[in-house]
file work-v6.cif (mmCIF, C-alpha atoms)
data_run
#
loop_
_atom_site.label_atom_id
_atom_site.label_comp_id
_atom_site.auth_asym_id
_atom_site.auth_seq_id
_atom_site.Cartn_x
_atom_site.Cartn_y
_atom_site.Cartn_z
CA MET A 1215 36.24 26.70 31.81
CA LYS A 1216 38.12 24.43 29.39
CA GLN A 1217 35.37 21.84 29.67
CA GLY A 1218 32.74 24.45 28.71
CA ILE A 1219 34.78 25.52 25.66
CA PHE A 1220 35.17 21.90 24.52
CA ILE A 1221 31.44 21.27 24.96
CA ALA A 1222 30.62 24.42 22.97
CA LEU A 1223 33.04 23.43 20.17
CA ALA A 1224 31.66 19.89 20.10
CA ALA A 1225 28.09 21.23 19.89
CA LEU A 1226 29.08 23.60 17.05
CA ALA A 1227 30.79 20.80 15.13
CA LEU A 1228 27.75 18.57 15.60
CA ALA A 1229 25.45 21.33 14.38
CA ILE A 1230 27.58 21.95 11.30
CA PHE A 1231 27.78 18.28 10.29
CA ALA A 1232 24.37 17.06 11.50
CA VAL A 1233 22.20 19.79 9.96
CA PRO A 1234 21.27 18.71 6.44
CA GLU A 1235 21.74 20.95 3.46
CA ALA A 1236 18.73 22.78 2.10
CA GLN A 1237 15.95 20.33 1.35
CA GLY A 1238 16.11 21.10 -2.37
CA SER A 1239 19.71 19.93 -2.71
CA ASP A 1240 20.78 17.45 -5.35
CA GLY A 1241 20.46 13.80 -4.40
CA GLN A 1242 18.40 14.44 -1.26
CA THR A 1243 15.24 12.49 -0.45
CA LEU A 1244 12.46 14.10 1.53
CA ASN A 1245 9.82 11.90 3.21
CA VAL A 1246 6.65 13.68 4.29
CA GLY A 1247 3.44 12.44 5.89
CA LEU A 1248 0.36 14.50 5.02
CA SER A 1249 -2.83 14.62 7.09
CA GLY A 1250 -5.80 16.90 6.73
CA SER A 1251 -9.22 17.24 5.22
CA LEU A 1252 -10.48 16.84 1.67
CA PHE A 1253 -13.67 18.33 0.28
CA VAL A 1254 -15.30 17.49 -3.02
CA THR A 1255 -15.95 20.86 -4.62
CA SER A 1256 -18.21 19.97 -7.53
CA ASN A 1257 -18.88 17.26 -10.04
CA THR A 1258 -22.49 17.67 -11.15
CA ASP A 1259 -24.24 20.20 -13.35
CA ASP A 1260 -26.03 21.70 -10.34
CA GLY A 1261 -22.77 21.97 -8.35
CA ARG A 1262 -23.56 19.25 -5.81
CA PRO A 1263 -20.70 16.91 -4.92
CA THR A 1264 -21.55 13.23 -5.36
CA PRO A 1265 -18.30 11.26 -5.55
CA THR A 1266 -19.55 7.94 -6.89
CA ASP A 1267 -22.00 9.06 -9.55
CA GLY A 1268 -19.57 8.31 -12.39
CA GLN A 1269 -18.67 11.90 -13.25
CA VAL A 1270 -15.34 13.72 -13.07
CA LEU A 1271 -14.58 14.56 -9.44
CA THR A 1272 -12.74 17.72 -8.33
CA SER A 1273 -11.64 18.20 -4.72
CA LEU A 1274 -9.45 20.40 -2.54
CA ALA A 1275 -7.39 19.26 0.45
CA SER A 1276 -5.34 21.04 3.08
CA GLY A 1277 -3.61 20.18 6.32
CA ILE A 1278 -0.23 19.65 7.93
CA ALA A 1279 2.83 17.71 6.87
CA LYS A 1280 5.11 15.80 9.23
CA GLY A 1281 8.76 15.65 8.31
CA SER A 1282 11.09 18.29 6.91
CA GLY A 1283 10.00 21.18 9.07
CA SER A 1284 6.28 20.50 9.52
CA SER A 1285 4.88 22.45 6.59
CA LEU A 1286 1.29 23.17 5.68
CA PHE A 1287 -0.02 21.72 2.43
CA SER A 1288 -2.76 22.55 -0.02
CA MET A 1289 -3.81 20.35 -2.91
CA GLN A 1290 -6.23 20.29 -5.82
CA VAL A 1291 -7.19 16.85 -7.15
CA VAL A 1292 -9.14 15.91 -10.28
CA ASN A 1293 -10.28 12.31 -10.67
CA ASP A 1294 -11.46 11.23 -14.11
CA GLN A 1295 -14.70 9.30 -14.39
CA PHE A 1296 -14.64 6.21 -12.15
CA GLY A 1297 -15.28 2.84 -13.76
CA LEU A 1298 -13.83 -0.64 -14.12
CA ASP A 1299 -10.06 -0.33 -13.98
CA GLY A 1300 -7.50 -3.13 -14.12
CA ARG A 1301 -5.34 -1.33 -11.54
CA CYS A 1302 -8.06 -1.80 -8.88
CA GLU A 1303 -9.15 -5.08 -7.32
CA LEU A 1304 -12.83 -5.90 -7.85
CA PRO A 1305 -15.31 -4.77 -6.60
CA LEU A 1306 -13.45 -1.44 -6.52
CA VAL A 1307 -13.65 1.01 -9.42
CA GLY A 1308 -10.83 3.30 -10.49
CA ALA A 1309 -9.92 6.50 -12.29
CA ASP A 1310 -6.88 8.48 -13.41
CA VAL A 1311 -5.86 11.25 -11.01
CA SER A 1312 -4.17 14.60 -11.59
CA ALA A 1313 -3.12 16.82 -8.71
CA THR A 1314 -1.04 19.81 -7.74
CA ILE A 1315 0.38 19.99 -4.21
CA VAL A 1316 2.03 23.00 -2.56
CA LEU A 1317 3.99 22.67 0.69
CA THR A 1318 4.52 25.95 2.60
CA TYR A 1319 7.11 26.10 5.40
CA LYS A 1320 7.43 28.37 8.46
CA ASP A 1321 10.52 30.04 6.97
CA GLY A 1322 8.50 31.01 3.87
CA SER A 1323 9.98 28.31 1.63
CA ILE A 1324 7.55 26.77 -0.85
CA LEU A 1325 7.73 23.46 -2.74
CA SER A 1326 5.38 22.67 -5.62
CA LEU A 1327 4.59 19.17 -6.91
CA GLU A 1328 2.48 17.96 -9.84
CA THR A 1329 1.31 14.50 -10.86
CA THR A 1330 2.25 12.77 -14.10
CA ASP A 1331 0.65 9.85 -15.95
CA ASN A 1332 0.18 6.55 -14.08
CA SER A 1333 -1.47 8.26 -11.09
CA PHE A 1334 -4.77 6.66 -10.14
CA ALA A 1335 -7.33 6.12 -7.39
CA CYS A 1336 -9.57 3.20 -6.48
CA THR A 1337 -12.78 3.31 -4.46
CA GLY A 1338 -15.70 1.29 -3.23
CA GLY A 1339 -17.63 4.47 -2.48
CA VAL A 1340 -16.56 5.33 1.09
CA VAL A 1341 -12.77 4.99 1.08
CA PHE A 1342 -10.59 6.19 -1.80
CA PHE A 1343 -7.06 4.78 -2.20
CA ALA A 1344 -4.54 6.56 -4.43
CA ASP A 1345 -1.16 5.73 -5.93
CA ILE A 1346 0.28 8.86 -7.46
CA GLU A 1347 3.60 10.02 -8.86
CA GLY A 1348 4.89 13.17 -10.40
CA ILE A 1349 7.52 15.83 -10.83
CA VAL A 1350 8.87 18.63 -8.66
CA LEU A 1351 7.83 21.91 -10.29
CA GLY A 1352 10.23 24.00 -8.22
CA GLY A 1353 9.79 26.32 -5.34
CA ASP A 1354 11.00 29.31 -3.42
CA GLY A 1355 13.41 29.86 -0.53
CA ARG A 1356 15.39 26.71 0.20
CA PHE A 1357 13.56 24.97 -2.69
CA GLU A 1358 14.36 27.58 -5.33
CA GLY A 1359 15.26 25.81 -8.57
CA ALA A 1360 14.38 22.37 -7.14
CA THR A 1361 13.69 19.56 -9.61
CA GLY A 1362 13.05 15.87 -9.20
CA THR A 1363 10.37 13.24 -8.94
CA TRP A 1364 8.01 12.08 -6.21
CA GLU A 1365 5.57 9.30 -5.42
CA ALA A 1366 2.86 8.89 -2.83
CA THR A 1367 0.19 6.61 -1.52
CA GLY A 1368 -2.84 8.07 0.17
CA GLN A 1369 -6.38 7.51 1.25
CA VAL A 1370 -9.52 9.55 1.80
CA LEU A 1371 -12.30 8.49 4.12
CA LEU A 1372 -15.62 10.12 3.24
CA PRO A 1373 -18.48 11.33 3.91
CA ILE A 1374 -18.00 14.38 1.75
CA GLU A 1375 -18.76 16.80 4.58
CA ALA A 1376 -15.75 15.57 6.57
CA GLY A 1377 -13.31 13.80 4.26
CA LEU A 1378 -10.21 12.72 6.17
CA PHE A 1379 -7.05 12.69 4.05
CA THR A 1380 -3.71 10.99 4.75
CA ALA A 1381 -0.73 10.31 2.49
CA ASP A 1382 2.91 9.29 2.59
CA VAL A 1383 5.05 11.20 0.09
CA SER A 1384 8.65 10.51 -0.94
CA ILE A 1385 10.39 13.27 -2.92
CA ASP A 1386 13.70 12.60 -4.72
CA PHE A 1387 15.54 15.77 -5.69
CA GLU A 1388 17.82 15.71 -8.74
#

call {"tool": "encode", "arguments": {"input": "work-v6.cif", "output": "structure tokens"}}
result
Amino acid sequence: MKQGIFIALAALALAIFAVPEAQGSDGQTLNVGLSGSLFVTSNTDDGRPTPTDGQVLTSLASGIAKGSGSSLFSMQVVNDQFGLDGRCELPLVGADVSATIVLTYKDGSILSLETTDNSFACTGGVVFFADIEGIVLGGDGRFEGATGTWEATGQVLLPIEAGLFTADVSIDFE
């Protein structure tokens, strides 16, 4: 009986000290791996997606996130016109990127991220590589009032009909 009580107390103490504070807490870092699909929505006058034709490229992505409770994510990405870009090694072309990402957790918590300047993508036409950074816009539930910064690297493997998206995201909460 005493042994069972000690085990229960030890488990309770471990749970209290090992469970991290809410993910939106000051000074916390959240590392998330995203994987899913990305679809070019439109970038031509007739609405047909053609990612390397030199026009602005808009796409949507969704999938799952590993780390911090296995959330779902959705994302809208806008790439400016691709062209020669000193941030990309030749023969790749590059463009500025803007994106909004929303992570939705099983407990109903939501975290919203947005890119800032210095976010870009490089491509040779089939694989897109991105280096992006941004700010935490806030959230709901355990992320209510969250602020901070984030950075990510990602890649998309086309064809357009089945774009595979992966990214590693590191979020630093203030």

call {"tool": "residues_around", "arguments": {"input": "work-v6.cif", "residues": "Tyr1319 of chain A", "least_positions_apart": "6", "cutoff": "8 Å", "atoms": "all atoms listed in the file", "output": "list of chain:residue names"}}
result
A:Gly1283, A:Ser1284, A:Ser1285, A:Leu1286

call {"tool": "atom_distance", "arguments": {"input": "work-v6.cif", "atom1": "atom CA of Ala1275 of chain A", "atom2": "atom CA of Leu1372 of chain A"}}
result
12.6 Å

call {"tool": "resolve_selection", "arguments": {"input": "work-v6.cif", "expression": "the PyMOL selection byres ((chain A and resi 1345) around 9)", "output": "PDB file with C-alpha atoms, in the frame of the given file"}}
result
ATOM      1  CA  VAL A1311      -5.860  11.250 -11.010  1.00  0.00           C
ATOM      2  CA  ASN A1332       0.180   6.550 -14.080  1.00  0.00           C
ATOM      3  CA  SER A1333      -1.470   8.260 -11.090  1.00  0.00           C
ATOM      4  CA  PHE A1334      -4.770   6.660 -10.140  1.00  0.00           C
ATOM      5  CA  ALA A1335      -7.330   6.120  -7.390  1.00  0.00           C
ATOM      6  CA  CYS A1336      -9.570   3.200  -6.480  1.00  0.00           C
ATOM      7  CA  PHE A1343      -7.060   4.780  -2.200  1.00  0.00           C
ATOM      8  CA  ALA A1344      -4.540   6.560  -4.430  1.00  0.00           C
ATOM      9  CA  ILE A1346       0.280   8.860  -7.460  1.00  0.00           C
ATOM     10  CA  GLU A1347       3.600  10.020  -8.860  1.00  0.00           C
ATOM     11  CA  GLU A1365       5.570   9.300  -5.420  1.00  0.00           C
ATOM     12  CA  ALA A1366       2.860   8.890  -2.830  1.00  0.00           C
ATOM     13  CA  THR A1367       0.190   6.610  -1.520  1.00  0.00           C
ATOM     14  CA  GLY A1368      -2.840   8.070   0.170  1.00  0.00           C
TER      15      GLY A1368
END

call {"tool": "closest_residue", "arguments": {"input": "work-v6.cif", "among": "A:Val1370, A:Gly1355, A:Lys1320, A:Val1350", "to": "Val1291 of chain A", "atoms": "only C-alpha atoms"}}
result
A:Val1370

call {"tool": "resolve_selection", "arguments": {"input": "work-v6.cif", "expression": "the PyMOL selection byres ((chain A and resi 1357) around 7)", "output": "list in words"}}
result
Gln1237, Gly1238, Ser1323, Ile1324, Leu1325, Gly1352, Gly1353, Asp1354, Gly1355, Arg1356, Glu1358, Gly1359 and Ala1360 of chain A

call {"tool": "residues_around", "arguments": {"input": "work-v6.cif", "residues": "Gly1362 of chain A", "least_positions_apart": "2", "cutoff": "10 Å", "atoms": "only C-alpha atoms", "output": "VMD selection string"}}
result
chain A and resid 1238 1240 to 1243 1327 1348 to 1352 1360 1364 1385 to 1388

call {"tool": "residues_near_point", "arguments": {"input": "work-v6.cif", "point": "(-4.8, 15.2, 4.5)", "cutoff": "8 Å", "atoms": "only C-alpha atoms", "output": "list of chain:residue names"}}
result
A:Leu1248, A:Ser1249, A:Gly1250, A:Ser1251, A:Leu1252, A:Ala1275, A:Ser1276, A:Gly1277, A:Ile1278, A:Val1370, A:Leu1378, A:Phe1379, A:Thr1380, A:Ala1381

call {"tool": "atom_distance", "arguments": {"input": "work-v6.cif", "atom1": "atom CA of Asp1310 of chain A", "atom2": "atom CA of Asn1245 of chain A"}}
result
23.8 Å

call {"tool": "atom_distance", "arguments": {"input": "work-v6.cif", "atom1": "atom CA of Ser1273 of chain A", "atom2": "atom CA of Thr1255 of chain A"}}
result
5.1 Å

call {"tool": "residues_around", "arguments": {"input": "work-v6.cif", "residues": "Thr1337 of chain A", "least_positions_apart": "4", "cutoff": "10 Å", "atoms": "all atoms listed in the file", "output": "ChimeraX atom specification"}}
result
/A:1265-1266,1296-1297,1302-1309,1341-1344,1369-1370

call {"tool": "closest_residue", "arguments": {"input": "work-v6.cif", "among": "A:Leu1371, A:Ser1326, A:Thr1361, A:Gln1295", "to": "Gly1339 of chain A", "atoms": "all atoms listed in the file"}}
result
A:Leu1371

call {"tool": "closest_residue", "arguments": {"input": "work-v6.cif", "among": "A:Val1340, A:Ser1384, A:Ser1312, A:Leu1244", "to": "Leu1274 of chain A", "atoms": "only C-alpha atoms"}}
result
A:Ser1312

call {"tool": "residues_around", "arguments": {"input": "work-v6.cif", "residues": "Ile1315 of chain A", "least_positions_apart": "5", "cutoff": "7 Å", "atoms": "all atoms listed in the file", "output": "PDB file with C-alpha atoms, in the frame of the given file"}}
result
ATOM      1  CA  PHE A1287      -0.020  21.720   2.430  1.00  0.00           C
ATOM      2  CA  SER A1288      -2.760  22.550  -0.020  1.00  0.00           C
ATOM      3  CA  MET A1289      -3.810  20.350  -2.910  1.00  0.00           C
ATOM      4  CA  GLN A1290      -6.230  20.290  -5.820  1.00  0.00           C
ATOM      5  CA  SER A1326       5.380  22.670  -5.620  1.00  0.00           C
ATOM      6  CA  LEU A1327       4.590  19.170  -6.910  1.00  0.00           C
ATOM      7  CA  GLU A1328       2.480  17.960  -9.840  1.00  0.00           C
TER       8      GLU A1328
END

call {"tool": "decode", "arguments": {"input": "work-v6.cif", "residues": "segment 1335-1372 of chain A", "atoms": "N, CA and C atoms", "output": "PDB file, in the first residue's frame"}}
result
ATOM      1  N   ALA A1335      11.952  32.477 -51.889  1.00  0.00           N
ATOM      2  CA  ALA A1335      11.978  31.114 -52.406  1.00  0.00           C
ATOM      3  C   ALA A1335      12.860  31.080 -53.641  1.00  0.00           C
ATOM      4  N   CYS A1336      13.462  29.931 -53.877  1.00  0.00           N
ATOM      5  CA  CYS A1336      14.275  29.682 -55.064  1.00  0.00           C
ATOM      6  C   CYS A1336      13.731  28.443 -55.759  1.00  0.00           C
ATOM      7  N   THR A1337      13.825  28.415 -57.091  1.00  0.00           N
ATOM      8  CA  THR A1337      13.347  27.255 -57.830  1.00  0.00           C
ATOM      9  C   THR A1337      14.100  27.073 -59.129  1.00  0.00           C
ATOM     10  N   GLY A1338      14.106  25.832 -59.567  1.00  0.00           N
ATOM     11  CA  GLY A1338      14.596  25.481 -60.898  1.00  0.00           C
ATOM     12  C   GLY A1338      13.437  25.010 -61.752  1.00  0.00           C
ATOM     13  N   GLY A1339      12.220  25.082 -61.206  1.00  0.00           N
ATOM     14  CA  GLY A1339      11.030  24.721 -61.959  1.00  0.00           C
ATOM     15  C   GLY A1339      10.270  23.530 -61.406  1.00  0.00           C
ATOM     16  N   VAL A1340      10.945  22.596 -60.736  1.00  0.00           N
ATOM     17  CA  VAL A1340      10.268  21.416 -60.198  1.00  0.00           C
ATOM     18  C   VAL A1340      10.259  21.427 -58.678  1.00  0.00           C
ATOM     19  N   VAL A1341      11.355  21.849 -58.065  1.00  0.00           N
ATOM     20  CA  VAL A1341      11.455  21.918 -56.618  1.00  0.00           C
ATOM     21  C   VAL A1341      11.623  23.383 -56.213  1.00  0.00           C
ATOM     22  N   PHE A1342      10.828  23.810 -55.247  1.00  0.00           N
ATOM     23  CA  PHE A1342      10.914  25.156 -54.696  1.00  0.00           C
ATOM     24  C   PHE A1342      11.508  25.045 -53.296  1.00  0.00           C
ATOM     25  N   PHE A1343      12.509  25.865 -52.987  1.00  0.00           N
ATOM     26  CA  PHE A1343      13.108  25.920 -51.654  1.00  0.00           C
ATOM     27  C   PHE A1343      12.782  27.284 -51.066  1.00  0.00           C
ATOM     28  N   ALA A1344      12.416  27.332 -49.792  1.00  0.00           N
ATOM     29  CA  ALA A1344      12.046  28.606 -49.180  1.00  0.00           C
ATOM     30  C   ALA A1344      12.770  28.806 -47.858  1.00  0.00           C
ATOM     31  N   ASP A1345      13.190  30.037 -47.616  1.00  0.00           N
ATOM     32  CA  ASP A1345      13.691  30.493 -46.320  1.00  0.00           C
ATOM     33  C   ASP A1345      12.781  31.637 -45.919  1.00  0.00           C
ATOM     34  N   ILE A1346      12.004  31.418 -44.876  1.00  0.00           N
ATOM     35  CA  ILE A1346      11.038  32.441 -44.486  1.00  0.00           C
ATOM     36  C   ILE A1346      11.147  32.746 -43.002  1.00  0.00           C
ATOM     37  N   GLU A1347      10.724  33.942 -42.646  1.00  0.00           N
ATOM     38  CA  GLU A1347      10.725  34.373 -41.246  1.00  0.00           C
ATOM     39  C   GLU A1347       9.549  35.299 -41.044  1.00  0.00           C
ATOM     40  N   GLY A1348       9.168  35.465 -39.781  1.00  0.00           N
ATOM     41  CA  GLY A1348       8.024  36.312 -39.550  1.00  0.00           C
ATOM     42  C   GLY A1348       7.739  36.565 -38.088  1.00  0.00           C
ATOM     43  N   ILE A1349       6.496  36.978 -37.846  1.00  0.00           N
ATOM     44  CA  ILE A1349       6.046  37.313 -36.502  1.00  0.00           C
ATOM     45  C   ILE A1349       4.862  36.425 -36.113  1.00  0.00           C
ATOM     46  N   VAL A1350       4.687  36.266 -34.812  1.00  0.00           N
ATOM     47  CA  VAL A1350       3.523  35.574 -34.269  1.00  0.00           C
ATOM     48  C   VAL A1350       2.422  36.620 -34.156  1.00  0.00           C
ATOM     49  N   LEU A1351       1.297  36.346 -34.834  1.00  0.00           N
ATOM     50  CA  LEU A1351       0.175  37.295 -34.805  1.00  0.00           C
ATOM     51  C   LEU A1351      -0.697  37.134 -33.575  1.00  0.00           C
ATOM     52  N   GLY A1352      -0.583  36.004 -32.892  1.00  0.00           N
ATOM     53  CA  GLY A1352      -1.413  35.745 -31.725  1.00  0.00           C
ATOM     54  C   GLY A1352      -2.124  34.428 -31.882  1.00  0.00           C
ATOM     55  N   GLY A1353      -3.171  34.269 -31.128  1.00  0.00           N
ATOM     56  CA  GLY A1353      -3.900  33.022 -31.204  1.00  0.00           C
ATOM     57  C   GLY A1353      -5.060  32.987 -30.244  1.00  0.00           C
ATOM     58  N   ASP A1354      -5.500  31.753 -29.985  1.00  0.00           N
ATOM     59  CA  ASP A1354      -6.626  31.533 -29.098  1.00  0.00           C
ATOM     60  C   ASP A1354      -6.305  30.327 -28.225  1.00  0.00           C
ATOM     61  N   GLY A1355      -7.027  30.159 -27.134  1.00  0.00           N
ATOM     62  CA  GLY A1355      -6.752  29.048 -26.220  1.00  0.00           C
ATOM     63  C   GLY A1355      -5.409  29.254 -25.552  1.00  0.00           C
ATOM     64  N   ARG A1356      -4.564  28.244 -25.557  1.00  0.00           N
ATOM     65  CA  ARG A1356      -3.264  28.354 -24.886  1.00  0.00           C
ATOM     66  C   ARG A1356      -2.328  29.347 -25.557  1.00  0.00           C
ATOM     67  N   PHE A1357      -2.679  29.831 -26.766  1.00  0.00           N
ATOM     68  CA  PHE A1357      -1.854  30.813 -27.466  1.00  0.00           C
ATOM     69  C   PHE A1357      -2.445  32.223 -27.424  1.00  0.00           C
ATOM     70  N   GLU A1358      -3.477  32.424 -26.625  1.00  0.00           N
ATOM     71  CA  GLU A1358      -4.097  33.741 -26.525  1.00  0.00           C
ATOM     72  C   GLU A1358      -3.059  34.772 -26.087  1.00  0.00           C
ATOM     73  N   GLY A1359      -2.957  35.854 -26.834  1.00  0.00           N
ATOM     74  CA  GLY A1359      -2.018  36.921 -26.528  1.00  0.00           C
ATOM     75  C   GLY A1359      -0.574  36.616 -26.887  1.00  0.00           C
ATOM     76  N   ALA A1360      -0.310  35.496 -27.569  1.00  0.00           N
ATOM     77  CA  ALA A1360       1.065  35.116 -27.912  1.00  0.00           C
ATOM     78  C   ALA A1360       1.690  36.114 -28.876  1.00  0.00           C
ATOM     79  N   THR A1361       2.961  36.418 -28.654  1.00  0.00           N
ATOM     80  CA  THR A1361       3.752  37.244 -29.554  1.00  0.00           C
ATOM     81  C   THR A1361       5.117  36.589 -29.699  1.00  0.00           C
ATOM     82  N   GLY A1362       5.842  36.994 -30.723  1.00  0.00           N
ATOM     83  CA  GLY A1362       7.183  36.459 -30.910  1.00  0.00           C
ATOM     84  C   GLY A1362       7.578  36.479 -32.370  1.00  0.00           C
ATOM     85  N   THR A1363       8.603  35.716 -32.666  1.00  0.00           N
ATOM     86  CA  THR A1363       9.118  35.627 -34.030  1.00  0.00           C
ATOM     87  C   THR A1363       9.264  34.152 -34.399  1.00  0.00           C
ATOM     88  N   TRP A1364       9.417  33.897 -35.686  1.00  0.00           N
ATOM     89  CA  TRP A1364       9.593  32.520 -36.147  1.00  0.00           C
ATOM     90  C   TRP A1364      10.411  32.522 -37.427  1.00  0.00           C
ATOM     91  N   GLU A1365      10.993  31.368 -37.716  1.00  0.00           N
ATOM     92  CA  GLU A1365      11.712  31.187 -38.977  1.00  0.00           C
ATOM     93  C   GLU A1365      11.505  29.760 -39.432  1.00  0.00           C
ATOM     94  N   ALA A1366      11.621  29.557 -40.745  1.00  0.00           N
ATOM     95  CA  ALA A1366      11.383  28.228 -41.289  1.00  0.00           C
ATOM     96  C   ALA A1366      12.164  28.038 -42.581  1.00  0.00           C
ATOM     97  N   THR A1367      12.441  26.789 -42.858  1.00  0.00           N
ATOM     98  CA  THR A1367      12.934  26.383 -44.163  1.00  0.00           C
ATOM     99  C   THR A1367      11.957  25.340 -44.671  1.00  0.00           C
ATOM    100  N   GLY A1368      11.702  25.365 -45.961  1.00  0.00           N
ATOM    101  CA  GLY A1368      10.745  24.418 -46.513  1.00  0.00           C
ATOM    102  C   GLY A1368      11.037  24.116 -47.959  1.00  0.00           C
ATOM    103  N   GLN A1369      10.324  23.131 -48.468  1.00  0.00           N
ATOM    104  CA  GLN A1369      10.441  22.822 -49.885  1.00  0.00           C
ATOM    105  C   GLN A1369       9.124  22.284 -50.406  1.00  0.00           C
ATOM    106  N   VAL A1370       8.904  22.513 -51.690  1.00  0.00           N
ATOM    107  CA  VAL A1370       7.727  22.005 -52.385  1.00  0.00           C
ATOM    108  C   VAL A1370       8.222  21.247 -53.603  1.00  0.00           C
ATOM    109  N   LEU A1371       7.711  20.051 -53.780  1.00  0.00           N
ATOM    110  CA  LEU A1371       8.018  19.253 -54.949  1.00  0.00           C
ATOM    111  C   LEU A1371       6.771  19.223 -55.806  1.00  0.00           C
ATOM    112  N   LEU A1372       6.874  19.762 -57.021  1.00  0.00           N
ATOM    113  CA  LEU A1372       5.726  19.791 -57.925  1.00  0.00           C
ATOM    114  C   LEU A1372       5.778  18.563 -58.814  1.00  0.00           C
TER     115      LEU A1372
END
